[in-house]
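S.K.: One file: entry-v8.cif (mmCIF, C-alpha atoms).
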```cif
data_run
#
loop_
_atom_site.label_atom_id
_atom_site.label_comp_id
_atom_site.auth_asym_id
_atom_site.auth_seq_id
_atom_site.Cartn_x
_atom_site.Cartn_y
_atom_site.Cartn_z
CA MET A 56 164.42 139.56 224.42
CA GLY A 57 165.91 138.23 227.67
CA THR A 58 165.00 134.86 229.17
CA GLN A 59 163.14 136.55 231.99
CA GLU A 60 161.07 138.58 229.60
CA ARG A 61 160.27 135.59 227.39
CA LYS A 62 159.17 133.58 230.41
CA GLU A 63 156.95 136.41 231.50
CA ARG A 64 155.36 136.56 228.04
CA GLU A 65 154.78 132.82 227.95
CA ARG A 66 153.22 132.99 231.36
CA GLU A 67 150.90 135.77 230.26
CA ALA A 68 149.97 133.87 227.08
CA LEU A 69 149.06 130.76 229.08
CA ARG A 70 146.98 132.79 231.51
CA GLU A 71 145.09 134.32 228.60
CA LEU A 72 144.58 130.88 227.03
CA ILE A 73 143.08 129.60 230.28
CA ILE A 74 140.71 132.57 230.49
CA GLN A 75 139.55 132.29 226.88
CA THR A 76 139.10 128.52 227.16
CA ALA A 77 137.10 128.97 230.36
CA LEU A 78 134.89 131.57 228.65
CA VAL A 79 134.21 129.15 225.77
CA ILE A 80 133.20 126.42 228.23
CA VAL A 81 130.87 128.78 230.11
CA GLU A 82 129.27 130.06 226.89
CA THR A 83 128.78 126.66 225.29
CA GLU A 84 128.11 124.43 228.28
CA GLY A 85 127.15 126.69 231.14
CA LEU A 86 128.72 127.72 234.42
CA GLU A 87 128.22 124.29 236.01
CA SER A 88 130.42 122.64 233.39
CA LEU A 89 133.33 124.91 234.16
CA THR A 90 135.89 122.87 236.10
CA MET A 91 139.66 123.04 236.24
CA ARG A 92 139.68 119.52 234.80
CA ALA A 93 137.54 120.59 231.78
CA ILE A 94 139.96 123.43 231.05
CA ALA A 95 143.02 121.21 231.52
CA ASP A 96 141.56 118.63 229.11
CA ARG A 97 140.97 121.23 226.43
CA ILE A 98 144.33 122.96 226.54
CA GLU A 99 146.27 119.80 227.33
CA TYR A 100 147.99 121.13 230.41
CA SER A 101 147.90 119.65 233.88
CA GLN A 102 145.33 120.93 236.34
CA SER A 103 148.10 122.07 238.66
CA LYS A 104 149.31 124.50 235.95
CA ILE A 105 145.87 126.11 236.01
CA TYR A 106 145.75 126.21 239.80
CA ALA A 107 149.05 128.07 239.72
CA PHE A 108 147.20 130.95 238.07
CA PHE A 109 143.78 130.59 239.69
CA PRO A 110 143.62 129.10 243.18
CA SER A 111 139.89 128.28 242.86
CA LYS A 112 136.95 128.24 240.47
CA ASP A 113 135.64 131.32 242.29
CA ALA A 114 138.87 133.21 241.63
CA LEU A 115 138.71 132.21 237.97
CA CYS A 116 135.04 133.24 237.72
CA ALA A 117 135.88 136.64 239.16
CA VAL A 118 138.45 137.16 236.39
CA LEU A 119 136.03 135.92 233.70
CA CYS A 120 133.38 138.29 234.98
CA GLN A 121 135.88 141.12 234.95
CA ASP A 122 136.78 140.27 231.35
CA ASN A 123 133.11 140.33 230.34
CA CYS A 124 132.45 143.57 232.19
CA GLU A 125 135.39 145.23 230.44
CA LYS A 126 134.05 144.17 227.04
CA MET A 127 130.58 145.40 227.99
CA LEU A 128 131.91 148.71 229.24
CA GLU A 129 133.76 149.25 225.95
CA ILE A 130 130.46 148.79 224.08
CA LEU A 131 128.36 150.89 226.44
CA LYS A 132 130.86 153.75 226.53
CA LYS A 133 130.39 154.11 222.77
CA VAL A 134 126.63 154.68 223.09
CA PRO A 135 126.23 158.30 221.98
CA LEU A 136 124.34 160.24 224.64
CA THR A 137 121.40 162.37 223.53
CA ASP A 138 119.12 164.94 225.15
CA SER A 139 116.66 162.21 225.98
CA PRO A 140 117.48 160.09 229.03
CA GLU A 141 114.72 157.70 227.90
CA LYS A 142 116.51 157.07 224.61
CA ASP A 143 119.86 156.76 226.36
CA LEU A 144 118.53 154.26 228.86
CA LYS A 145 116.93 152.25 226.07
CA LYS A 146 120.18 152.13 224.13
CA LEU A 147 122.12 151.08 227.23
CA VAL A 148 119.61 148.35 228.03
CA LEU A 149 119.51 147.03 224.47
CA LYS A 150 123.29 147.03 224.07
CA THR A 151 123.68 145.17 227.36
CA MET A 152 120.97 142.73 226.33
CA GLU A 153 122.71 142.12 223.00
CA PHE A 154 125.93 141.39 224.84
CA HIS A 155 124.22 138.83 227.09
CA ALA A 156 122.50 137.34 224.04
CA SER A 157 125.76 136.80 222.19
CA HIS A 158 127.58 135.63 225.32
CA PRO A 159 125.33 132.96 226.81
CA HIS A 160 125.52 132.58 230.60
CA SER A 161 127.39 135.88 230.98
CA ASP A 162 124.43 137.07 233.07
CA GLU A 163 124.81 134.07 235.40
CA LEU A 164 128.51 134.71 235.76
CA LEU A 165 127.74 138.30 236.71
CA THR A 166 125.08 137.29 239.23
CA GLU A 167 127.40 134.70 240.76
CA VAL A 168 130.35 137.06 241.12
CA CYS A 169 128.68 140.37 241.91
CA PHE A 170 125.66 139.17 243.90
CA GLY A 171 126.69 135.70 244.99
CA LYS A 172 127.09 134.08 248.37
CA LYS A 173 130.85 134.28 248.44
CA PRO A 174 132.06 137.82 248.77
CA GLN A 175 134.18 138.66 245.72
CA GLU A 176 135.79 141.83 244.58
CA ILE A 177 133.31 143.58 242.28
CA PRO A 178 135.05 144.33 238.96
CA LYS A 179 135.82 148.01 238.48
CA ALA A 180 134.30 147.86 234.99
CA PHE A 181 131.03 146.68 236.55
CA LEU A 182 130.93 149.75 238.77
CA GLU A 183 131.66 151.93 235.72
CA ILE A 184 128.74 150.29 233.88
CA GLU A 185 126.49 150.92 236.87
CA LYS A 186 127.50 154.57 236.75
CA LEU A 187 126.29 154.86 233.15
CA PHE A 188 122.90 153.45 234.14
CA ILE A 189 122.75 155.62 237.25
CA ALA A 190 123.47 158.72 235.15
CA ALA A 191 120.64 157.91 232.73
CA LEU A 192 118.22 157.02 235.55
CA THR A 193 119.05 160.23 237.38
CA LYS A 194 118.55 162.32 234.24
CA LEU A 195 115.00 160.92 233.98
CA LYS A 196 114.13 163.16 236.94
CA SER A 197 111.49 160.63 237.86
CA PRO A 198 109.31 161.54 240.84
CA HIS A 199 109.80 157.91 241.89
CA ILE A 200 113.58 157.94 241.74
CA ARG A 201 114.75 160.47 244.27
CA SER A 202 116.69 158.83 247.08
CA ASN A 203 119.70 156.62 246.73
CA GLU A 204 117.46 153.75 247.77
CA ASP A 205 115.08 154.49 244.86
CA LEU A 206 118.03 154.46 242.51
CA GLN A 207 119.19 151.09 243.82
CA ALA A 208 115.66 149.73 243.42
CA ALA A 209 115.58 150.98 239.82
CA LEU A 210 118.93 149.31 239.13
CA ASP A 211 117.57 146.10 240.66
CA ILE A 212 114.60 146.21 238.31
CA ILE A 213 116.81 146.64 235.26
CA ARG A 214 119.00 143.78 236.47
CA CYS A 215 115.94 141.54 236.80
CA ILE A 216 115.06 142.28 233.19
CA PHE A 217 118.56 141.31 232.02
CA ILE A 218 118.48 138.07 233.96
CA GLY A 219 114.89 137.18 233.07
CA VAL A 220 115.22 137.90 229.36
CA SER A 221 118.64 136.20 229.15
CA SER A 222 117.24 133.12 230.80
CA LEU A 223 114.25 132.93 228.45
CA MET A 224 116.53 133.51 225.46
CA ARG A 225 118.83 130.70 226.60
CA ALA A 226 115.87 128.35 226.92
CA LYS A 227 114.99 128.94 223.29
CA VAL A 228 118.35 129.01 221.57
CA SER A 229 116.95 129.79 218.14
CA LYS A 230 117.54 133.09 216.36
CA GLU A 231 113.82 133.60 216.80
CA GLY A 232 114.36 133.45 220.56
CA HIS A 233 117.18 135.96 220.33
CA LYS A 234 115.08 138.51 218.42
CA ARG A 235 112.08 137.93 220.65
CA GLY A 236 114.27 138.47 223.71
CA LEU A 237 115.46 141.87 222.54
CA LEU A 238 111.88 142.87 221.79
CA MET A 239 110.85 141.63 225.24
CA ALA A 240 113.50 143.81 226.88
CA GLU A 241 112.39 146.82 224.82
CA ASN A 242 108.70 146.29 225.64
CA THR A 243 109.47 145.98 229.32
CA LEU A 244 111.54 149.13 229.35
CA ASP A 245 108.71 151.05 227.64
CA VAL A 246 106.33 150.11 230.44
CA LEU A 247 108.93 150.86 233.11
CA LEU A 248 109.75 154.27 231.61
CA ARG A 249 106.08 155.26 231.65
CA GLY A 250 105.89 153.96 235.22
CA TRP A 251 108.89 156.00 236.26
CA ASN A 252 107.81 159.13 234.44
CA HIS A 253 104.25 159.35 235.77
CA GLU A 254 103.22 160.57 239.19
CA MET B 205 93.26 93.83 248.99
CA GLY B 206 94.09 91.63 245.98
CA THR B 207 97.66 91.05 244.79
CA GLN B 208 97.02 93.15 241.69
CA GLU B 209 95.80 96.06 243.75
CA ARG B 210 98.68 95.85 246.19
CA LYS B 211 101.18 95.81 243.35
CA GLU B 212 99.51 98.84 241.85
CA ARG B 213 99.76 100.69 245.15
CA GLU B 214 103.41 99.82 245.62
CA ARG B 215 104.10 101.00 242.09
CA GLU B 216 102.37 104.27 242.78
CA ALA B 217 104.26 104.72 246.07
CA LEU B 218 107.61 104.17 244.34
CA ARG B 219 106.71 106.63 241.59
CA GLU B 220 105.83 109.24 244.21
CA LEU B 221 109.09 108.54 246.09
CA ILE B 222 111.07 109.12 242.89
CA ILE B 223 109.27 112.41 242.26
CA GLN B 224 109.73 113.73 245.79
CA THR B 225 113.40 112.69 245.85
CA ALA B 226 113.97 114.40 242.50
CA LEU B 227 112.33 117.58 243.80
CA VAL B 228 114.61 117.56 246.85
CA ILE B 229 117.68 117.22 244.62
CA VAL B 230 116.53 120.09 242.38
CA GLU B 231 115.76 122.35 245.34
CA THR B 232 118.96 121.66 247.24
CA GLU B 233 121.50 121.15 244.45
CA GLY B 234 119.97 122.61 241.30
CA LEU B 235 118.63 121.24 238.05
CA GLU B 236 122.08 120.24 236.78
CA SER B 237 122.59 117.85 239.67
CA LEU B 238 119.41 115.96 238.89
CA THR B 239 120.43 112.64 237.33
CA MET B 240 118.83 109.22 237.40
CA ARG B 241 121.95 108.01 239.19
CA ALA B 242 121.61 110.66 241.94
CA ILE B 243 118.02 109.59 242.54
CA ALA B 244 118.92 105.88 242.48
CA ASP B 245 121.68 106.47 245.04
CA ARG B 246 119.34 108.28 247.40
CA ILE B 247 116.45 105.82 247.34
CA GLU B 248 118.67 102.76 246.97
CA TYR B 249 116.97 101.38 243.91
CA SER B 250 118.60 100.54 240.60
CA GLN B 251 118.59 103.19 237.87
CA SER B 252 116.61 100.84 235.63
CA LYS B 253 113.73 100.90 238.16
CA ILE B 254 113.58 104.67 237.72
CA TYR B 255 113.80 104.48 233.94
CA ALA B 256 110.80 102.14 234.04
CA PHE B 257 108.77 105.11 235.29
CA PHE B 258 110.51 107.96 233.49
CA PRO B 259 112.19 107.21 230.16
CA SER B 260 114.36 110.35 230.34
CA LYS B 261 115.38 113.27 232.53
CA ASP B 262 113.16 115.48 230.34
CA ALA B 263 110.13 113.29 231.00
CA LEU B 264 110.87 113.40 234.73
CA CYS B 265 111.34 117.19 234.65
CA ALA B 266 107.97 117.58 232.93
CA VAL B 267 106.32 115.69 235.80
CA LEU B 268 108.22 117.69 238.44
CA CYS B 269 107.16 120.91 236.76
CA GLN B 270 103.57 119.69 236.67
CA ASP B 271 103.79 118.87 240.38
CA ASN B 272 105.08 122.37 241.17
CA CYS B 273 102.46 124.03 238.97
CA GLU B 274 99.68 122.14 240.72
CA LYS B 275 100.96 123.28 244.11
CA MET B 276 101.24 126.85 242.84
CA LEU B 277 97.75 126.77 241.35
CA GLU B 278 96.33 125.59 244.68
CA ILE B 279 97.89 128.61 246.37
CA LEU B 280 96.92 131.13 243.69
CA LYS B 281 93.32 129.91 243.48
CA LYS B 282 92.93 130.82 247.14
CA VAL B 283 93.88 134.47 246.53
CA PRO B 284 90.62 136.32 247.25
CA LEU B 285 89.75 138.54 244.31
CA THR B 286 88.85 142.16 245.01
CA ASP B 287 87.47 145.07 243.02
CA SER B 288 91.00 146.24 242.32
CA PRO B 289 92.84 144.39 239.54
CA GLU B 290 96.02 146.13 240.72
CA LYS B 291 95.69 144.57 244.15
CA ASP B 292 94.81 141.19 242.67
CA LEU B 293 97.78 141.23 240.35
CA LYS B 294 100.06 142.21 243.22
CA LYS B 295 98.78 139.35 245.36
CA LEU B 296 99.21 136.87 242.50
CA VAL B 297 102.76 138.07 241.81
CA LEU B 298 103.77 138.00 245.47
CA LYS B 299 102.28 134.56 246.10
CA THR B 300 104.07 133.18 243.03
CA MET B 301 107.28 134.85 244.13
CA GLU B 302 106.95 133.35 247.61
CA PHE B 303 106.51 129.93 246.04
CA HIS B 304 109.66 130.30 243.97
CA ALA B 305 111.50 131.62 247.03
CA SER B 306 110.62 128.60 249.14
CA HIS B 307 111.20 126.17 246.26
CA PRO B 308 114.63 127.10 244.90
CA HIS B 309 115.16 126.40 241.19
CA SER B 310 111.42 125.90 240.59
CA ASP B 311 111.61 128.87 238.20
CA GLU B 312 114.38 127.16 236.22
CA LEU B 313 112.37 123.96 236.03
CA LEU B 314 109.43 125.94 234.69
CA THR B 315 111.55 127.76 232.11
CA GLU B 316 113.14 124.51 231.00
CA VAL B 317 109.85 122.65 230.60
CA CYS B 318 107.49 125.38 229.38
CA PHE B 319 109.90 127.49 227.32
CA GLY B 320 112.77 125.11 226.65
CA LYS B 321 114.33 123.81 223.47
CA LYS B 322 112.70 120.42 223.62
CA PRO B 323 108.98 120.62 223.04
CA GLN B 324 107.20 119.30 226.12
CA GLU B 325 103.60 119.12 227.04
CA ILE B 326 102.78 122.28 228.99
CA PRO B 327 101.20 121.29 232.33
CA LYS B 328 97.48 122.03 232.49
CA ALA B 329 97.99 123.70 235.87
CA PHE B 330 100.45 126.11 234.23
CA LEU B 331 97.81 127.16 231.72
CA GLU B 332 95.32 127.61 234.58
CA ILE B 333 97.82 129.83 236.39
CA GLU B 334 98.32 131.88 233.22
CA LYS B 335 94.54 132.34 233.04
CA LEU B 336 94.53 133.89 236.52
CA PHE B 337 97.19 136.40 235.46
CA ILE B 338 95.45 137.06 232.15
CA ALA B 339 92.19 137.77 233.98
CA ALA B 340 93.87 140.30 236.28
CA LEU B 341 95.80 141.92 233.42
CA THR B 342 92.64 142.21 231.33
CA LYS B 343 90.72 143.75 234.20
CA LEU B 344 93.34 146.51 234.38
CA LYS B 345 91.81 147.87 231.15
CA SER B 346 95.24 149.25 230.33
CA PRO B 347 95.44 151.31 227.14
CA HIS B 348 98.67 149.39 226.49
CA ILE B 349 97.16 145.92 226.88
CA ARG B 350 94.55 145.58 224.19
CA SER B 351 95.49 142.90 221.68
CA ASN B 352 96.31 139.31 222.46
CA GLU B 353 99.89 140.18 221.56
CA ASP B 354 99.95 142.94 224.21
CA LEU B 355 98.68 140.44 226.74
CA GLN B 356 101.42 137.97 225.86
CA ALA B 357 104.00 140.74 226.15
CA ALA B 358 102.66 141.64 229.59
CA LEU B 359 102.86 137.99 230.67
CA ASP B 360 106.44 137.87 229.37
CA ILE B 361 107.32 140.88 231.48
CA ILE B 362 105.88 139.31 234.63
CA ARG B 363 107.74 136.09 233.84
CA CYS B 364 111.00 138.03 233.55
CA ILE B 365 110.43 139.45 237.00
CA PHE B 366 109.90 135.99 238.48
CA ILE B 367 113.04 134.64 236.86
CA GLY B 368 115.19 137.69 237.58
CA VAL B 369 114.16 138.02 241.22
CA SER B 370 114.38 134.25 241.82
CA SER B 371 117.86 134.20 240.39
CA LEU B 372 119.05 137.12 242.54
CA MET B 373 117.45 135.52 245.59
CA ARG B 374 119.21 132.24 244.88
CA ALA B 375 122.54 134.03 244.61
CA LYS B 376 122.11 135.43 248.10
CA VAL B 377 120.64 132.53 250.03
CA SER B 378 120.22 134.44 253.26
CA LYS B 379 116.83 135.31 254.74
CA GLU B 380 117.82 138.88 254.02
CA GLY B 381 118.00 137.99 250.33
CA HIS B 382 114.58 136.34 250.51
CA LYS B 383 112.95 139.42 251.99
CA ARG B 384 114.76 141.76 249.64
CA GLY B 385 113.63 139.65 246.70
CA LEU B 386 109.96 139.95 247.62
CA LEU B 387 110.37 143.70 248.04
CA MET B 388 112.13 143.86 244.68
CA ALA B 389 109.21 142.08 243.00
CA GLU B 390 106.75 144.43 244.68
CA ASN B 391 108.70 147.55 243.68
CA THR B 392 108.93 146.38 240.10
CA LEU B 393 105.23 145.67 239.90
CA ASP B 394 104.45 149.15 241.24
CA VAL B 395 106.42 150.71 238.39
CA LEU B 396 104.89 148.35 235.84
CA LEU B 397 101.34 149.04 237.05
CA ARG B 398 101.86 152.78 236.67
CA GLY B 399 103.36 152.13 233.25
CA TRP B 400 100.39 150.05 232.19
CA ASN B 401 97.79 152.40 233.64
CA HIS B 402 99.07 155.61 232.07
CA GLU B 403 98.57 156.71 228.48
#
```
Just dump the structure as structure tokens.
M.R.:
Amino acid sequence: MGTQERKEREREALRELIIQTALVIVETEGLESLTMRAIADRIEYSQSKIYAFFPSKDALCAVLCQDNCEKMLEILKKVPLTDSPEKDLKKLVLKTMEFHASHPHSDELLTEVCFGKKPQEIPKAFLEIEKLFIAALTKLKSPHIRSNEDLQAALDIIRCIFIGVSSLMRAKVSKEGHKRGLLMAENTLDVLLRGWNHE
Amino acid sequence: MGTQERKEREREALRELIIQTALVIVETEGLESLTMRAIADRIEYSQSKIYAFFPSKDALCAVLCQDNCEKMLEILKKVPLTDSPEKDLKKLVLKTMEFHASHPHSDELLTEVCFGKKPQEIPKAFLEIEKLFIAALTKLKSPHIRSNEDLQAALDIIRCIFIGVSSLMRAKVSKEGHKRGLLMAENTLDVLLRGWNHE
């Protein structure tokens, strides 16, 4: 391996270490605790080393969100599709909810990056995930989901459920809270599906 | 006015100043930024003065939450009830949503205090607010809301909407976001009401 190549590999390894460390901080202490200093302290590098990779916390968050979305997409792509869009939608919602449950604050990261004040590039994987939900929602053939606007409204509703349930699950960190959260998401979707399916 | 009485009044005025300052910090900077030091700096008193009133941030948060719940209850009690539980529920949801919209992070405060890890005394006003929602939900005579458990699940769903919409509104601080949030809550409730009303 040439010197150039080795340097490149080391660089890539450090970048990955920064990302994984940042994800641990977000998941254990929340988005507010994520600072360049906190990362530098943990990996014992100078802050300037981290800034060389990520010019700002926003830039770092965008990459973290992308990382999460890619993991989520991997999981959601494996959901076997059936003849029933209701069942498919339920599976997609529950799998997403499980991801948020086992990755605390990942919902906040997503909200911050994809719907936040500062315009960021939406991760491609996020758009792919949206497509899966759009496909299932469209297949419902709901009389209430016809226009593109209806579809966006339906996506908004599902998003609210993810955020609301994640937040309540985070408040009660117990396993009990986790199980209750998944049940809450399922109950909500049942009501929504009836609401979408009826005239 | 006797010395004792004057002292009592001054004490009460300082307590109120601490509460209002804390609320401003929460609404402008978020729950994480609320520290005894931040309050002390703003009102130019020593931290120990504040600790004399509130032994911990949790104790202070419980009082702030109570304050918010009382304001909310005042607003919700004024909602004129009609013959239509659907309309009543919609009004209650929208009024609550408007409150959260004009008091950023009030939903987080509520989640933290009423559903958080550390057991806190639930504000009486919060229970009164729940009663208003329970009354409207019961009046729906939904075939899906029969047991006490169903009722709790329905309250959970409504809570998720408040949290989810508030969070998305906070992400986009613009007036546009505010209006879109209220519409989002209304759309969601429409779907939920159909879902509750149909077999």
S.K.: Define the interface residues of chain A facing chain B as those within 10 Å, counting only C-alpha atoms, and report them as a count of residues only.
M.R.: 52
S.K.: Edge lengths and centre in Å to one decimal, as lines of an AutoDock Vina configuration file, is what I'm after for the box along x, y and z that holds all listed atoms of range 230-242 of chain B once 6 Å is added on each side.
M.R.:
```
center_x = 119.2
center_y = 115.3
center_z = 242.0
size_x = 18.8
size_y = 26.6
size_z = 22.5
```
S.K.: How many Å separate CA of Ala242 in chain B from CA of Ile254 in chain B?
M.R.: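 Taking CA of Ala242 in chain B as the start and CA of Ile254 in chain B as the end point, the length is 10.9 Å.
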S.K.: Take the PyMOL selection byres ((chain A and resi 138-146) around 10), run it mentally on this structure, and tell me the resulting residues as a PyMOL selection string.
M.R.: chain A and resi 131+134-137+147-152+187-196+240-241+244-245+248-249+252
S.K.: Work out how far apart CA of Val230 in chain B and CA of Glu302 in chain B are and give it in Å to one decimal.
M.R.: 17.2 Å
S.K.: Could you list, as a compact mmCIF listing (two decimals) with C-alpha atoms, in the frame of the given file, every residue within 12 Å of Glu183 in chain A, counting only C-alpha atoms and ignoring same-chain residues fewer than 2 positions away?
M.R.:
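Saved file result22.txt follows:
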```txt
# COMPACT_ATOMS: atom_id res chain seq x y z
CA GLN A 121 135.88 141.12 234.95
CA CYS A 124 132.45 143.57 232.19
CA GLU A 125 135.39 145.23 230.44
CA LYS A 126 134.05 144.17 227.04
CA MET A 127 130.58 145.40 227.99
CA LEU A 128 131.91 148.71 229.24
CA GLU A 129 133.76 149.25 225.95
CA LEU A 131 128.36 150.89 226.44
CA LYS A 132 130.86 153.75 226.53
CA ILE A 177 133.31 143.58 242.28
CA PRO A 178 135.05 144.33 238.96
CA LYS A 179 135.82 148.01 238.48
CA ALA A 180 134.30 147.86 234.99
CA PHE A 181 131.03 146.68 236.55
CA GLU A 185 126.49 150.92 236.87
CA LYS A 186 127.50 154.57 236.75
CA LEU A 187 126.29 154.86 233.15
CA PHE A 188 122.90 153.45 234.14
CA ILE A 189 122.75 155.62 237.25
CA ALA A 190 123.47 158.72 235.15
```
S.K.: In Å, how far is it from CA of Lys112 in chain A to CA of Ala305 in chain B?
M.R.: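 Taking CA of Lys112 in chain A and CA of Ala305 in chain B, their separation equals 26.5 Å.
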S.K.: Show me as a ChimeraX atom specification the residues that reach within 10 Å of (147.0, 125.4, 236.8), counting only C-alpha atoms and using the file's own coordinates.
M.R.: /A:69-70,73,91-92,94-95,100-111
S.K.: Between B:Ala217, B:Ala226, B:Thr207, B:Ile333, which one has atoms that come closest to Lys282 in chain B, using all atoms listed in the file?
M.R.: B:Ile333
